[in-house]
Structure formats: C-alpha cells, structure tokens
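Have a look at target_16.txt; it's compact mmCIF, C-alpha atoms:
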# COMPACT_ATOMS: atom_id res chain seq x y z
CA MET A 19 23.47 -54.73 -8.99
CA LYS A 20 19.73 -54.48 -9.71
CA GLN A 21 18.94 -54.71 -5.98
CA THR A 22 21.43 -51.93 -5.24
CA PHE A 23 19.81 -49.73 -7.90
CA VAL A 24 16.35 -50.28 -6.38
CA ILE A 25 17.66 -49.35 -2.92
CA ILE A 26 19.20 -46.14 -4.29
CA ILE A 27 15.91 -45.17 -5.98
CA ALA A 28 13.96 -45.86 -2.78
CA PHE A 29 16.43 -43.76 -0.79
CA LEU A 30 16.08 -40.85 -3.23
CA GLN A 31 12.27 -41.04 -3.03
CA LEU A 32 12.40 -40.94 0.75
CA SER A 33 14.81 -38.00 0.60
CA VAL A 34 12.42 -36.07 -1.63
CA LEU A 35 9.51 -36.79 0.69
CA SER A 36 11.53 -35.74 3.74
CA VAL A 37 12.24 -32.27 2.35
CA ARG A 38 8.76 -31.71 1.01
CA ALA A 39 7.03 -28.75 2.70
CA GLU A 40 4.41 -29.77 5.25
CA TYR A 41 0.73 -29.02 4.64
CA VAL A 42 -1.26 -28.40 7.83
CA ASP A 43 -5.06 -28.44 7.90
CA MET A 44 -5.59 -25.84 10.65
CA GLN A 45 -9.02 -27.13 11.60
CA LYS A 46 -7.59 -30.60 12.19
CA ALA A 47 -4.73 -28.97 14.09
CA GLY A 48 -7.23 -27.54 16.57
CA ALA A 49 -8.22 -24.12 15.19
CA ASN A 50 -11.73 -23.01 16.12
CA PRO A 51 -13.75 -22.38 12.92
CA GLY A 52 -16.73 -20.85 14.72
CA GLY A 53 -15.48 -17.25 14.96
CA LYS A 54 -14.94 -17.42 18.72
CA GLY A 55 -11.84 -17.97 20.79
CA LEU A 56 -8.51 -16.60 19.60
CA ASN A 57 -6.45 -18.84 17.35
CA THR A 58 -3.42 -16.51 17.44
CA GLU A 59 -1.14 -18.72 19.51
CA LEU A 60 -1.90 -21.86 17.49
CA ILE A 61 -1.37 -20.06 14.18
CA ASN A 62 1.95 -18.52 15.19
CA LYS A 63 3.25 -21.70 16.80
CA THR A 64 2.39 -23.61 13.62
CA ILE A 65 4.26 -21.01 11.56
CA ASP A 66 7.30 -21.31 13.83
CA LYS A 67 7.26 -25.11 13.64
CA LEU A 68 6.94 -25.20 9.85
CA ASN A 69 9.64 -22.57 9.45
CA ALA A 70 12.01 -24.57 11.65
CA ASN A 71 11.48 -27.58 9.36
CA GLY A 72 12.05 -25.66 6.14
CA GLY A 73 8.59 -24.22 5.53
CA GLY A 74 5.03 -25.27 4.72
CA THR A 75 1.40 -24.29 4.28
CA LEU A 76 -1.27 -23.41 6.84
CA PHE A 77 -4.53 -24.40 5.14
CA PHE A 78 -7.78 -22.94 6.49
CA PRO A 79 -10.90 -24.87 5.44
CA SER A 80 -14.31 -23.20 5.28
CA GLY A 81 -15.07 -21.47 8.60
CA THR A 82 -14.32 -18.29 10.54
CA TYR A 83 -11.06 -18.16 12.49
CA LEU A 84 -10.62 -15.35 15.01
CA THR A 85 -7.03 -14.22 15.44
CA GLY A 86 -4.74 -11.43 16.55
CA ALA A 87 -1.46 -10.49 14.87
CA ILE A 88 0.00 -13.19 12.60
CA LYS A 89 3.81 -13.14 12.35
CA MET A 90 4.98 -14.75 9.13
CA LYS A 91 8.32 -16.49 8.65
CA SER A 92 10.30 -17.59 5.60
CA ASN A 93 8.85 -20.27 3.31
CA ILE A 94 5.36 -20.02 4.79
CA THR A 95 2.05 -20.00 2.91
CA LEU A 96 -1.35 -19.05 4.29
CA GLU A 97 -4.01 -20.66 2.11
CA LEU A 98 -7.72 -19.93 2.57
CA GLU A 99 -10.37 -22.17 1.05
CA ALA A 100 -13.50 -20.57 -0.43
CA GLY A 101 -15.74 -19.91 2.56
CA ALA A 102 -12.81 -19.48 4.96
CA THR A 103 -12.35 -16.16 6.81
CA LEU A 104 -9.49 -15.04 8.97
CA LEU A 105 -11.34 -12.63 11.28
CA PHE A 106 -8.90 -10.29 12.99
CA SER A 107 -9.62 -9.23 16.55
CA ASP A 108 -10.60 -5.61 17.17
CA ASP A 109 -9.06 -5.68 20.65
CA PHE A 110 -6.08 -3.35 20.31
CA ASP A 111 -4.14 -5.32 22.94
CA ASP A 112 -3.93 -8.25 20.52
CA TYR A 113 -1.44 -6.19 18.48
CA LEU A 114 0.98 -5.53 21.33
CA PRO A 115 3.86 -5.29 22.02
CA PHE A 116 4.79 -2.50 19.64
CA VAL A 117 7.09 -3.53 16.79
CA GLU A 118 9.37 -1.79 14.31
CA MET A 119 7.16 -0.77 11.39
CA ARG A 120 6.50 2.09 8.98
CA HIS A 121 3.47 4.32 9.30
CA GLU A 122 2.72 6.85 6.55
CA GLY A 123 6.35 6.85 5.49
CA ILE A 124 7.87 7.16 8.98
CA LEU A 125 9.82 4.36 10.65
CA MET A 126 8.63 3.99 14.23
CA LYS A 127 7.47 1.52 16.85
CA SER A 128 3.73 1.00 16.96
CA PHE A 129 0.99 -1.64 16.85
CA CYS A 130 1.96 -4.85 15.09
CA PRO A 131 0.43 -5.08 11.60
CA LEU A 132 -2.29 -7.70 11.36
CA ILE A 133 -0.06 -9.85 9.15
CA TYR A 134 3.61 -8.98 9.71
CA ALA A 135 6.98 -10.25 8.52
CA VAL A 136 10.55 -8.98 8.85
CA ASP A 137 13.63 -10.09 6.89
CA CYS A 138 11.87 -13.13 5.42
CA GLU A 139 11.64 -14.73 1.99
CA ASN A 140 9.11 -16.80 0.10
CA ILE A 141 5.94 -15.59 1.82
CA THR A 142 2.57 -16.37 0.26
CA ILE A 143 -1.03 -15.49 1.15
CA LYS A 144 -3.44 -17.05 -1.31
CA GLY A 145 -6.78 -18.72 -1.91
CA GLU A 146 -10.42 -17.88 -2.47
CA GLY A 147 -11.15 -16.98 1.15
CA LYS A 148 -11.34 -13.69 3.01
CA LEU A 149 -9.30 -11.60 5.43
CA ASP A 150 -11.50 -9.35 7.59
CA GLY A 151 -9.70 -6.65 9.60
CA GLN A 152 -12.77 -5.50 11.58
CA GLY A 153 -11.54 -1.95 11.16
CA LYS A 154 -14.50 0.01 12.55
CA LYS A 155 -13.28 0.12 16.12
CA TRP A 156 -9.87 1.36 14.91
CA TRP A 157 -11.53 4.02 12.72
CA ASP A 158 -13.79 5.19 15.55
CA GLU A 159 -10.85 5.57 17.94
CA PHE A 160 -8.86 7.46 15.31
CA TYR A 161 -11.73 9.94 14.88
CA ARG A 162 -12.28 10.22 18.63
CA VAL A 163 -8.64 11.08 19.29
CA ILE A 164 -8.61 13.74 16.56
CA VAL A 165 -11.77 15.37 17.88
CA ASP A 166 -10.64 15.40 21.52
CA VAL A 167 -7.14 16.70 20.75
CA ASP A 168 -8.22 19.38 18.26
CA ALA A 169 -11.41 20.50 19.95
CA ASN A 170 -10.66 19.93 23.64
CA GLY A 171 -6.88 19.90 23.92
CA ILE A 172 -6.92 16.59 25.79
CA ASN A 173 -3.72 14.52 25.87
CA ASP A 174 -3.17 10.87 26.84
CA LEU A 175 -6.55 9.96 25.43
CA ASN A 176 -6.01 6.25 25.95
CA LYS A 177 -3.31 4.02 27.37
CA TYR A 178 -1.60 3.68 23.99
CA GLN A 179 -0.54 7.33 23.72
CA PRO A 180 2.02 7.24 26.57
CA MET A 181 3.13 3.78 25.38
CA TRP A 182 3.91 5.25 21.96
CA ASP A 183 5.83 8.18 23.50
CA LYS A 184 7.90 5.80 25.61
CA ALA A 185 8.69 3.48 22.68
CA ASN A 186 9.80 6.21 20.24
CA ASP A 187 12.38 8.97 20.08
CA THR A 188 9.78 11.65 19.47
CA LYS A 189 12.29 14.50 19.24
CA ALA A 190 14.08 12.74 16.37
CA LEU A 191 10.81 11.96 14.60
CA TYR A 192 9.62 15.55 14.92
CA ALA A 193 12.96 16.83 13.59
CA GLU A 194 12.76 14.58 10.51
CA THR A 195 9.24 15.47 9.38
CA ASN A 196 7.32 18.48 8.17
CA GLU A 197 5.03 20.53 10.34
CA ASP A 198 1.90 18.87 8.95
CA TYR A 199 3.02 15.44 10.13
CA VAL A 200 4.23 16.69 13.51
CA THR A 201 0.67 17.86 14.09
CA SER A 202 -0.70 14.42 13.27
CA MET A 203 1.94 12.71 15.45
CA LYS A 204 0.78 14.73 18.43
CA ARG A 205 -2.55 12.95 18.06
CA ARG A 206 -0.57 9.72 18.46
CA PHE A 207 -3.01 6.97 17.57
CA PHE A 208 -1.34 5.06 14.78
CA ARG A 209 -3.46 2.23 13.44
CA PRO A 210 -1.66 -0.80 12.02
CA PRO A 211 -1.56 -1.69 8.32
CA PHE A 212 -3.30 -4.95 7.44
CA ILE A 213 -0.41 -6.70 5.65
CA GLN A 214 3.10 -5.28 6.08
CA PRO A 215 6.15 -7.34 5.15
CA VAL A 216 9.38 -5.46 5.88
CA ARG A 217 12.67 -6.16 4.05
CA CYS A 218 11.29 -9.37 2.58
CA LYS A 219 11.97 -11.11 -0.74
CA ASN A 220 9.52 -13.05 -2.90
CA VAL A 221 6.18 -11.95 -1.46
CA ARG A 222 3.02 -13.35 -3.10
CA ILE A 223 -0.57 -12.26 -2.40
CA GLN A 224 -3.02 -13.96 -4.75
CA GLY A 225 -6.74 -14.49 -5.14
CA ILE A 226 -7.97 -13.51 -1.70
CA THR A 227 -10.53 -10.90 -0.66
CA ILE A 228 -9.52 -8.34 1.97
CA VAL A 229 -12.11 -6.21 3.79
CA ASN A 230 -12.31 -3.65 6.60
CA SER A 231 -8.63 -2.80 6.97
CA PRO A 232 -7.79 -0.68 10.04
CA PHE A 233 -5.38 1.39 7.92
CA TRP A 234 -3.42 0.79 4.68
CA THR A 235 -4.28 -2.64 3.35
CA VAL A 236 -1.35 -4.22 1.45
CA ASN A 237 1.79 -2.31 2.40
CA PRO A 238 5.12 -4.00 1.61
CA GLU A 239 8.12 -2.01 2.86
CA PHE A 240 11.69 -2.28 1.51
CA CYS A 241 10.72 -5.54 -0.22
CA GLU A 242 12.00 -7.13 -3.42
CA ASN A 243 10.02 -9.19 -5.93
CA VAL A 244 6.42 -8.62 -4.85
CA LEU A 245 3.43 -10.07 -6.72
CA VAL A 246 -0.12 -8.95 -5.95
CA ASP A 247 -2.48 -10.69 -8.34
CA GLY A 248 -6.22 -11.22 -8.62
CA ILE A 249 -7.17 -9.90 -5.20
CA THR A 250 -10.25 -7.92 -4.18
CA ILE A 251 -10.03 -5.14 -1.58
CA ALA A 252 -13.29 -3.72 -0.21
CA ASN A 253 -13.02 -1.08 2.51
CA PRO A 254 -16.04 1.17 3.14
CA LEU A 255 -15.85 4.94 3.55
CA SER A 256 -13.14 5.09 6.21
CA PRO A 257 -9.96 7.03 7.08
CA ASN A 258 -6.73 6.21 5.22
CA THR A 259 -7.73 2.69 4.18
CA ASP A 260 -5.61 2.69 1.01
CA GLY A 261 -5.62 -0.46 -1.11
CA ILE A 262 -2.12 -1.46 -2.27
CA ASN A 263 0.83 0.71 -1.20
CA PRO A 264 4.28 -0.68 -2.06
CA GLU A 265 6.81 1.59 -0.38
CA SER A 266 10.57 1.64 -1.11
CA CYS A 267 10.22 -1.67 -2.97
CA LYS A 268 11.83 -3.15 -6.10
CA TYR A 269 10.28 -5.38 -8.77
CA VAL A 270 6.60 -5.10 -7.90
CA HIS A 271 3.87 -6.58 -10.13
CA ILE A 272 0.24 -5.63 -9.41
CA SER A 273 -2.34 -7.16 -11.75
CA ASN A 274 -5.98 -8.21 -12.12
CA CYS A 275 -7.11 -6.55 -8.89
CA HIS A 276 -10.51 -5.06 -7.99
CA ILE A 277 -10.28 -2.23 -5.45
CA SER A 278 -12.80 -0.03 -3.64
CA VAL A 279 -11.49 1.75 -0.55
CA GLY A 280 -11.67 4.76 1.76
CA ASP A 281 -8.52 6.43 0.38
CA ASP A 282 -6.22 5.87 -2.61
CA CYS A 283 -6.65 2.58 -4.49
CA ILE A 284 -3.01 1.95 -5.48
CA THR A 285 -0.25 4.26 -4.27
CA LEU A 286 3.51 4.19 -4.85
CA LYS A 287 5.57 5.66 -2.04
CA SER A 288 9.11 5.80 -0.65
CA GLY A 289 8.92 7.44 2.76
CA ARG A 290 8.53 10.89 4.17
CA ASP A 291 10.85 13.88 4.44
CA LEU A 292 14.37 13.90 5.93
CA GLN A 293 14.25 10.36 7.32
CA ALA A 294 13.43 8.89 3.90
CA ARG A 295 15.94 11.08 2.09
CA LYS A 296 18.65 9.71 4.36
CA LEU A 297 17.54 6.13 3.67
CA ASN A 298 17.40 6.80 -0.09
CA ASN A 299 15.33 3.69 -0.91
CA PRO A 300 13.24 4.42 -4.01
CA ASP A 301 10.13 2.62 -5.18
CA GLU A 302 11.24 1.30 -8.58
CA ASN A 303 10.58 -1.19 -11.35
CA ILE A 304 6.83 -1.27 -10.76
CA THR A 305 4.17 -2.70 -13.09
CA ILE A 306 0.44 -2.09 -12.58
CA THR A 307 -1.94 -3.63 -15.11
CA ASN A 308 -5.49 -4.91 -15.69
CA CYS A 309 -6.96 -3.45 -12.49
CA THR A 310 -10.37 -1.91 -11.77
CA MET A 311 -10.81 0.87 -9.19
CA LEU A 312 -14.16 2.08 -7.85
CA ALA A 313 -14.36 4.20 -4.68
CA GLY A 314 -11.12 5.88 -3.69
CA HIS A 315 -9.46 9.30 -3.47
CA GLY A 316 -7.24 8.33 -6.42
CA GLY A 317 -7.08 5.47 -8.93
CA VAL A 318 -3.30 5.14 -9.20
CA VAL A 319 -1.31 7.63 -7.15
CA ILE A 320 2.35 8.45 -6.59
CA GLY A 321 3.16 10.24 -3.32
CA SER A 322 2.84 12.28 -1.38
CA GLU A 323 5.39 10.32 0.69
CA MET A 324 7.95 9.97 -2.12
CA SER A 325 11.09 11.40 -0.51
CA GLY A 326 13.20 8.38 -1.48
CA GLY A 327 12.10 8.69 -5.11
CA VAL A 328 9.75 6.76 -7.41
CA ARG A 329 11.03 5.66 -10.82
CA LYS A 330 10.63 3.21 -13.68
CA VAL A 331 6.89 2.64 -13.43
CA VAL A 332 4.48 1.22 -16.02
CA ILE A 333 0.70 1.62 -15.53
CA SER A 334 -1.58 0.14 -18.19
CA ASN A 335 -4.99 -1.30 -19.06
CA CYS A 336 -6.87 -0.02 -15.99
CA VAL A 337 -10.41 1.23 -15.40
CA PHE A 338 -11.30 3.97 -12.88
CA ASP A 339 -15.05 4.16 -12.30
CA GLY A 340 -16.14 6.77 -9.77
CA THR A 341 -12.83 7.50 -8.02
CA ASP A 342 -12.25 11.05 -6.78
CA ARG A 343 -9.25 11.39 -9.11
CA GLY A 344 -7.71 9.24 -11.82
CA ILE A 345 -3.93 9.44 -12.23
CA ARG A 346 -2.46 11.50 -9.40
CA ILE A 347 1.17 12.41 -8.66
CA LYS A 348 1.46 14.58 -5.57
CA SER A 349 4.14 16.10 -3.39
CA THR A 350 5.01 19.26 -1.51
CA ARG A 351 7.92 21.36 -0.36
CA GLY A 352 9.91 19.53 2.30
CA ARG A 353 9.56 16.09 0.72
CA GLY A 354 12.45 16.19 -1.75
CA GLY A 355 12.80 13.08 -3.90
CA VAL A 356 12.42 12.54 -7.65
CA VAL A 357 9.49 11.04 -9.55
CA GLU A 358 10.71 10.05 -13.02
CA ASP A 359 10.42 7.61 -15.92
CA ILE A 360 6.69 6.95 -15.64
CA GLN A 361 4.72 5.36 -18.52
CA ILE A 362 0.91 5.39 -18.35
CA SER A 363 -1.29 4.02 -21.14
CA ASN A 364 -4.67 2.51 -22.03
CA ILE A 365 -6.73 3.99 -19.20
CA VAL A 366 -10.52 4.38 -19.14
CA MET A 367 -12.16 6.71 -16.63
CA LYS A 368 -15.75 7.59 -15.84
CA ASP A 369 -17.48 9.82 -13.26
CA ILE A 370 -14.26 11.24 -11.80
CA LYS A 371 -15.18 13.73 -9.08
CA GLU A 372 -12.08 15.91 -9.34
CA GLU A 373 -9.13 15.65 -11.78
CA ALA A 374 -8.64 12.95 -14.39
CA ILE A 375 -4.89 13.69 -14.48
CA ILE A 376 -3.18 15.70 -11.76
CA LEU A 377 0.54 16.31 -11.24
CA ASP A 378 0.70 18.56 -8.20
CA MET A 379 3.58 19.85 -6.08
CA LEU A 380 1.27 21.95 -3.90
CA TYR A 381 -0.32 19.09 -2.00
CA THR A 382 0.15 20.98 1.26
CA LYS A 383 0.59 24.70 1.81
CA ILE A 384 4.25 25.33 2.65
CA LYS A 385 5.86 28.74 2.12
CA SER A 386 8.19 29.25 -0.82
CA GLU A 387 11.82 28.39 -0.11
CA PRO A 388 15.09 28.16 -2.06
CA LYS A 389 15.68 24.99 -4.05
CA SER A 390 17.40 22.30 -1.97
CA ASP A 391 17.22 18.58 -1.18
CA ARG A 392 13.79 19.41 0.32
CA THR A 393 12.49 20.29 -3.15
CA PRO A 394 10.57 17.57 -5.04
CA ILE A 395 11.20 16.92 -8.74
CA PHE A 396 8.76 15.47 -11.34
CA ARG A 397 10.14 14.64 -14.79
CA ASN A 398 9.90 12.28 -17.76
CA ILE A 399 6.23 11.28 -17.49
CA ASN A 400 4.35 9.95 -20.52
CA ILE A 401 0.56 9.48 -20.63
CA SER A 402 -1.17 8.07 -23.71
CA ASN A 403 -4.37 6.42 -24.95
CA MET A 404 -6.75 7.61 -22.25
CA THR A 405 -10.47 8.37 -22.24
CA GLY A 406 -12.44 10.08 -19.52
CA ASN A 407 -16.19 10.70 -19.37
CA ASN A 408 -17.93 13.03 -16.91
CA VAL A 409 -14.82 14.48 -15.26
CA LEU A 410 -14.65 17.71 -13.25
CA ILE A 411 -11.14 18.89 -14.26
CA PRO A 412 -9.45 17.14 -17.20
CA ILE A 413 -5.76 17.92 -16.56
CA LYS A 414 -4.04 19.84 -13.77
CA ILE A 415 -0.27 20.31 -13.75
CA ARG A 416 1.11 22.52 -10.97
CA GLY A 417 4.84 22.70 -10.36
CA LEU A 418 6.78 24.96 -8.03
CA GLU A 419 8.42 28.22 -9.03
CA GLU A 420 11.75 26.78 -7.92
CA SER A 421 11.03 23.34 -9.41
CA PRO A 422 8.84 23.31 -12.54
CA ILE A 423 7.43 19.97 -13.69
CA THR A 424 9.41 19.01 -16.80
CA ASP A 425 9.36 16.73 -19.83
CA ILE A 426 5.74 15.60 -19.90
CA THR A 427 4.15 13.98 -22.96
CA LEU A 428 0.36 13.67 -23.35
CA THR A 429 -0.82 11.71 -26.39
CA ASN A 430 -4.22 10.54 -27.68
CA ILE A 431 -6.32 11.69 -24.73
CA ASN A 432 -10.06 12.34 -25.01
CA ILE A 433 -11.95 13.70 -21.99
CA THR A 434 -15.34 15.26 -21.38
CA ALA A 435 -15.14 17.64 -18.43
CA LYS A 436 -16.99 20.42 -16.62
CA GLN A 437 -13.98 22.73 -16.15
CA LYS A 438 -10.82 23.74 -17.98
CA CYS A 439 -7.27 22.41 -17.76
CA VAL A 440 -4.77 24.04 -15.38
CA PHE A 441 -1.07 24.43 -16.20
CA GLN A 442 1.31 26.23 -13.80
CA ASN A 443 5.11 26.18 -13.49
CA TYR A 444 6.11 23.65 -16.12
CA LYS A 445 8.73 23.20 -18.83
CA ARG A 446 8.64 21.09 -21.98
CA ILE A 447 5.13 19.68 -22.11
CA VAL A 448 4.28 18.06 -25.44
CA MET A 449 0.62 17.40 -26.29
CA LYS A 450 -0.56 15.48 -29.34
CA ASP A 451 -4.23 14.72 -30.01
CA VAL A 452 -5.39 15.86 -26.58
CA LEU A 453 -9.13 16.62 -26.75
CA VAL A 454 -11.33 18.10 -24.03
CA ASN A 455 -15.03 18.28 -24.91
CA GLY A 456 -14.09 17.67 -28.55
CA GLU A 457 -11.62 20.58 -28.77
CA LYS A 458 -7.88 20.16 -29.18
CA ILE A 459 -5.87 21.49 -26.22
CA THR A 460 -2.70 23.44 -26.87
CA LEU A 461 -0.37 25.43 -24.64
CA ASP A 462 -0.01 29.14 -25.38

Go through the file and emit its structure as structure tokens.
Amino acid sequence: MKQTFVIIIAFLQLSVLSVRAEYVDMQKAGANPGGKGLNTELINKTIDKLNANGGGTLFFPSGTYLTGAIKMKSNITLELEAGATLLFSDDFDDYLPFVEMRHEGILMKSFCPLIYAVDCENITIKGEGKLDGQGKKWWDEFYRVIVDVDANGINDLNKYQPMWDKANDTKALYAETNEDYVTSMKRRFFRPPFIQPVRCKNVRIQGITIVNSPFWTVNPEFCENVLVDGITIANPLSPNTDGINPESCKYVHISNCHISVGDDCITLKSGRDLQARKLNNPDENITITNCTMLAGHGGVVIGSEMSGGVRKVVISNCVFDGTDRGIRIKSTRGRGGVVEDIQISNIVMKDIKEEAIILDMLYTKIKSEPKSDRTPIFRNINISNMTGNNVLIPIKIRGLEESPITDITLTNINITAKQKCVFQNYKRIVMKDVLVNGEKITLD
C-alpha cells in the first residue's frame, strides 16, 4: 500500500512538471544579442511552439535584439532582463503583409503593429528592459508624405500607398468618416502602433520602458481585463506618438506609469464616426491612478474618437507637469457617442501651456446641424481636489447649441492662471470652492 502511494505521488509530480509552462532563454536559443541580424523568425517560431504546448515565457537576457513584427499568441510572456532591448527594425517591409488593425479609430488593413495579437488570452510583456521602436524613419516618412501631397499634389508617394488602396475598401471607409479624416486618408501613410492586441483577454504590460514609438504606443483594441502598471514611455517630440490608448476596452487598470510623449499621454477612445457607432463598443470600467505625465498634448484625455462611447471612468492621484493641457475631453459634430459617469480627483498640475480643464465639443470646425446620432453627448462628469499652478486657461467648457454639456460638478479646485474661464452651451454646472487666482468662480 505504501509503495502504491509513493508511485501515485511521483506520478502527480511528473504530471505537474509536464504541464508547467516552458521558460526559454532566447540567447541560448540562438537569438543574436548584438543588435544585428533579424531575430524575427526565431522569436515568432518560439512563440508558436510554446503556444502549441500550452504557453511559456521568452526570456531576453541583457543585450540588444533586432526584430521585426512580433505576433503574440495565447499564454505567452515576453520578459526582458534589465539591460535587454528589443530593437525594432525601421525597415517598413518588416511589417508586411498588411493585417487587420485599427488606426485612429478606423478598422482597416495596414502595417502590422510592432507587437500584435488577435483573439488571444493571457498575454504578458514585462521586465526591467526596453522596447525601442526606432520611430524616426516612420515620422520622417509621415511628414514627407504630408508635405508632398499638400504642397505638390503628388500621389503614390511610395510603394505602400497603392498597396493600402488595394487592401482596403476605400469607398466604404470614406463614407463612414468625417471630411477631416478623409483628407488624412488621402495621404495614406498609416504608421503602425507599437503594441496593439485586438479582441484579447487578460493583457498585462508591466515594468518595461518603451521608447521611440512609430505611432500610438500601447493601444489595446476591443480587449477585456487589461493591466498597464509601472511602465515608462519616452517618445520625443514626434507626430501622434500617444502613450496609452485603450480603445473600446473593458476593465482597464493603468497605474504607476511615467509618460512623456509627442501627443496625448493617456487617452480613452472608442472609434471614429459611423463605423464605430455601428460597432457600439464603448470604452468602459477604466481606472487610471498614480501616474506622472510630462510632455504631451494632454495629461489624461477622452476622445476625440469616442463614437462608441466612454463611460464609468475613475482618474485619481496623478501629476501633470508641463503638458499642453491637463484633463481634456474632446469631440466634434459627426462623432456621436456619449461620454458619461467620469470621476476625476486628486490631481496636481504645473506649467500647463493651454487649459487645465477642457471639455470641448468644437474640436474640429463642422457646420451646425440638427441633433442626431452624429451629435456627441457629455454628461455626469465630476472633478474634485485639483490644484494647478502657472496655467494659461483654468477651465474651458464648450458644448454645442444642439447638445449642451450637462451635469458637471467642480469641487475644491485651486488654479493660478493667465486668462479667464470659458463657459459656453452648458446646463447644470455646480461649482463649490473653485478658486482662480484666489477668487471664487461662479456662473452668472
């Protein structure tokens, strides 16, 4: 009997070991740590192998590993040791063929994101190492295309423009977007986001440093249960290099992050215009806390691509130091969608170049039109316990004639500013202990 018991225990131990996720040292597996020679094929084959066996970890020891697009699968972890860098190629061909992705709120086919996943679960990117997107070449080409199209009327500026036209139903995309985006689509050079999981569950991004993103940096789409914790994002002055942009996601927790970027630091979105209204996938149940934002167009922003709605959001305990704006909620006619049930508290701002608080439905100039599903709605927004020092405009609230901003509460706010507050087209704004330059602000 005792011998039988020992055999059973041994069998159980072996069973546990057999299902344990594999841990692969990528340098020992043959990855080149010297920053030369693409490791893309090895990385993706290792991911496929681990996924087929139930999952595992790709561990990158100290070194520099050049790679193209990494395609994640379920139950896979990328772990970077301190001193390890995943250096992403700046050869655009390394992000072909085009894949289904979302760019600025529009579903389309375009360059593969640098780290990409579709319909996966249990994805983790963690460690003390660095991801470097080498974005400069992407930024330069973006600027070159804009200049040549706008100034010289040149089309087919590179080989990727006709590829994009062939891959997409451009008539449908034009029909589903506003005029401002149609203009940008005609330029047709859509840079890839750095990290874009699509329709994934249980996404974890922890500890790492991310630099030089070609476009938006951390951009989960249609995902559920997303944790972004303790990461640093450092993009220099550059076009549209937002920090963390969860779009049409549920149960998102962003905490303890340090962000300095070329556009908005953290932005909540849910897609653009008619296409997103049809999908009706809101960004909801979002928590943002204990983050520091330096350079950026906005500290924490909602919109302007919010056509699927943004709701049930808590933003707390954050510092904005030198951003262009602090809290910014923006939209325009044509978007539609509802922003509601937003709680913002315990915010410290300094040296804000424009508005400390701005709720604006006139983000782009579109002619007045009757109220419809194209009309955005902002309501039920509470902001409390905020200080701002050396701000240009303390508070700007601008609704539409056909859609006033409603049910806003501002409590215990103290700001020093160069200009006055702006209030246009609103209903039911309550202010308690709101001071600008030491004087209490009231609405006439």

- Item | Given only C-alpha atoms as the counted atoms, nearest of A:Lys268, A:Lys184, A:Arg351, A:Lys414 to A:Glu197 |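 Once distances to A:Glu197 are computed over only C-alpha atoms, the minimum belongs to A:Arg351.
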
- Query: Which residues, written as an NGL selection string, have at least one atom at most 9 Å from A:Pro254, with all atoms listed in the file counted and residues fewer than 4 positions away on the same chain left out?
  - Reply: :A and (229-230 or 259 or 278-280 or 313)

- Task: For atom CA of A:Thr307 and atom CA of A:Ala135, determine how far apart the two atoms are, in Å to one decimal place.
- Result: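 These two atoms are separated by 26.1 Å.
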
Using the file's own x, y and z axes, what box holds all listed atoms of stretch 99-110 of chain A with 6 Å on each side, keeping edges along x, y and z, and what are its centre and edge lengths in Å to one decimal, as JSON?
{"center_x": -10.9, "center_y": -12.8, "center_z": 10.1, "size_x": 21.7, "size_y": 30.8, "size_z": 33.1}

Shell of 12 Å around A:Leu60, only C-alpha atoms, local chain residues under 4 positions omitted, as a CSV table (one decimal) with C-alpha atoms, in the coordinates of the input:
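Contents of part.csv, freshly written:
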chain,number,residue,atom,x,y,z
A,42,VAL,CA,-1.3,-28.4,7.8
A,44,MET,CA,-5.6,-25.8,10.6
A,45,GLN,CA,-9.0,-27.1,11.6
A,46,LYS,CA,-7.6,-30.6,12.2
A,47,ALA,CA,-4.7,-29.0,14.1
A,48,GLY,CA,-7.2,-27.5,16.6
A,49,ALA,CA,-8.2,-24.1,15.2
A,50,ASN,CA,-11.7,-23.0,16.1
A,55,GLY,CA,-11.8,-18.0,20.8
A,56,LEU,CA,-8.5,-16.6,19.6
A,64,THR,CA,2.4,-23.6,13.6
A,65,ILE,CA,4.3,-21.0,11.6
A,66,ASP,CA,7.3,-21.3,13.8
A,67,LYS,CA,7.3,-25.1,13.6
A,76,LEU,CA,-1.3,-23.4,6.8
A,83,TYR,CA,-11.1,-18.2,12.5
A,84,LEU,CA,-10.6,-15.4,15.0
A,85,THR,CA,-7.0,-14.2,15.4
A,86,GLY,CA,-4.7,-11.4,16.6
A,87,ALA,CA,-1.5,-10.5,14.9
A,88,ILE,CA,0.0,-13.2,12.6
A,89,LYS,CA,3.8,-13.1,12.4

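Proximity of A:Asp111, A:Asn57, A:Asp281, A:Ile124 to A:Lys177, computed with all atoms listed in the file, is greatest for A:Asp111.
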
- Message: To one decimal place in Å, what is the distance between atom CA of A:Phe110 and atom CA of A:Asn170?
- Response: 24.0 Å
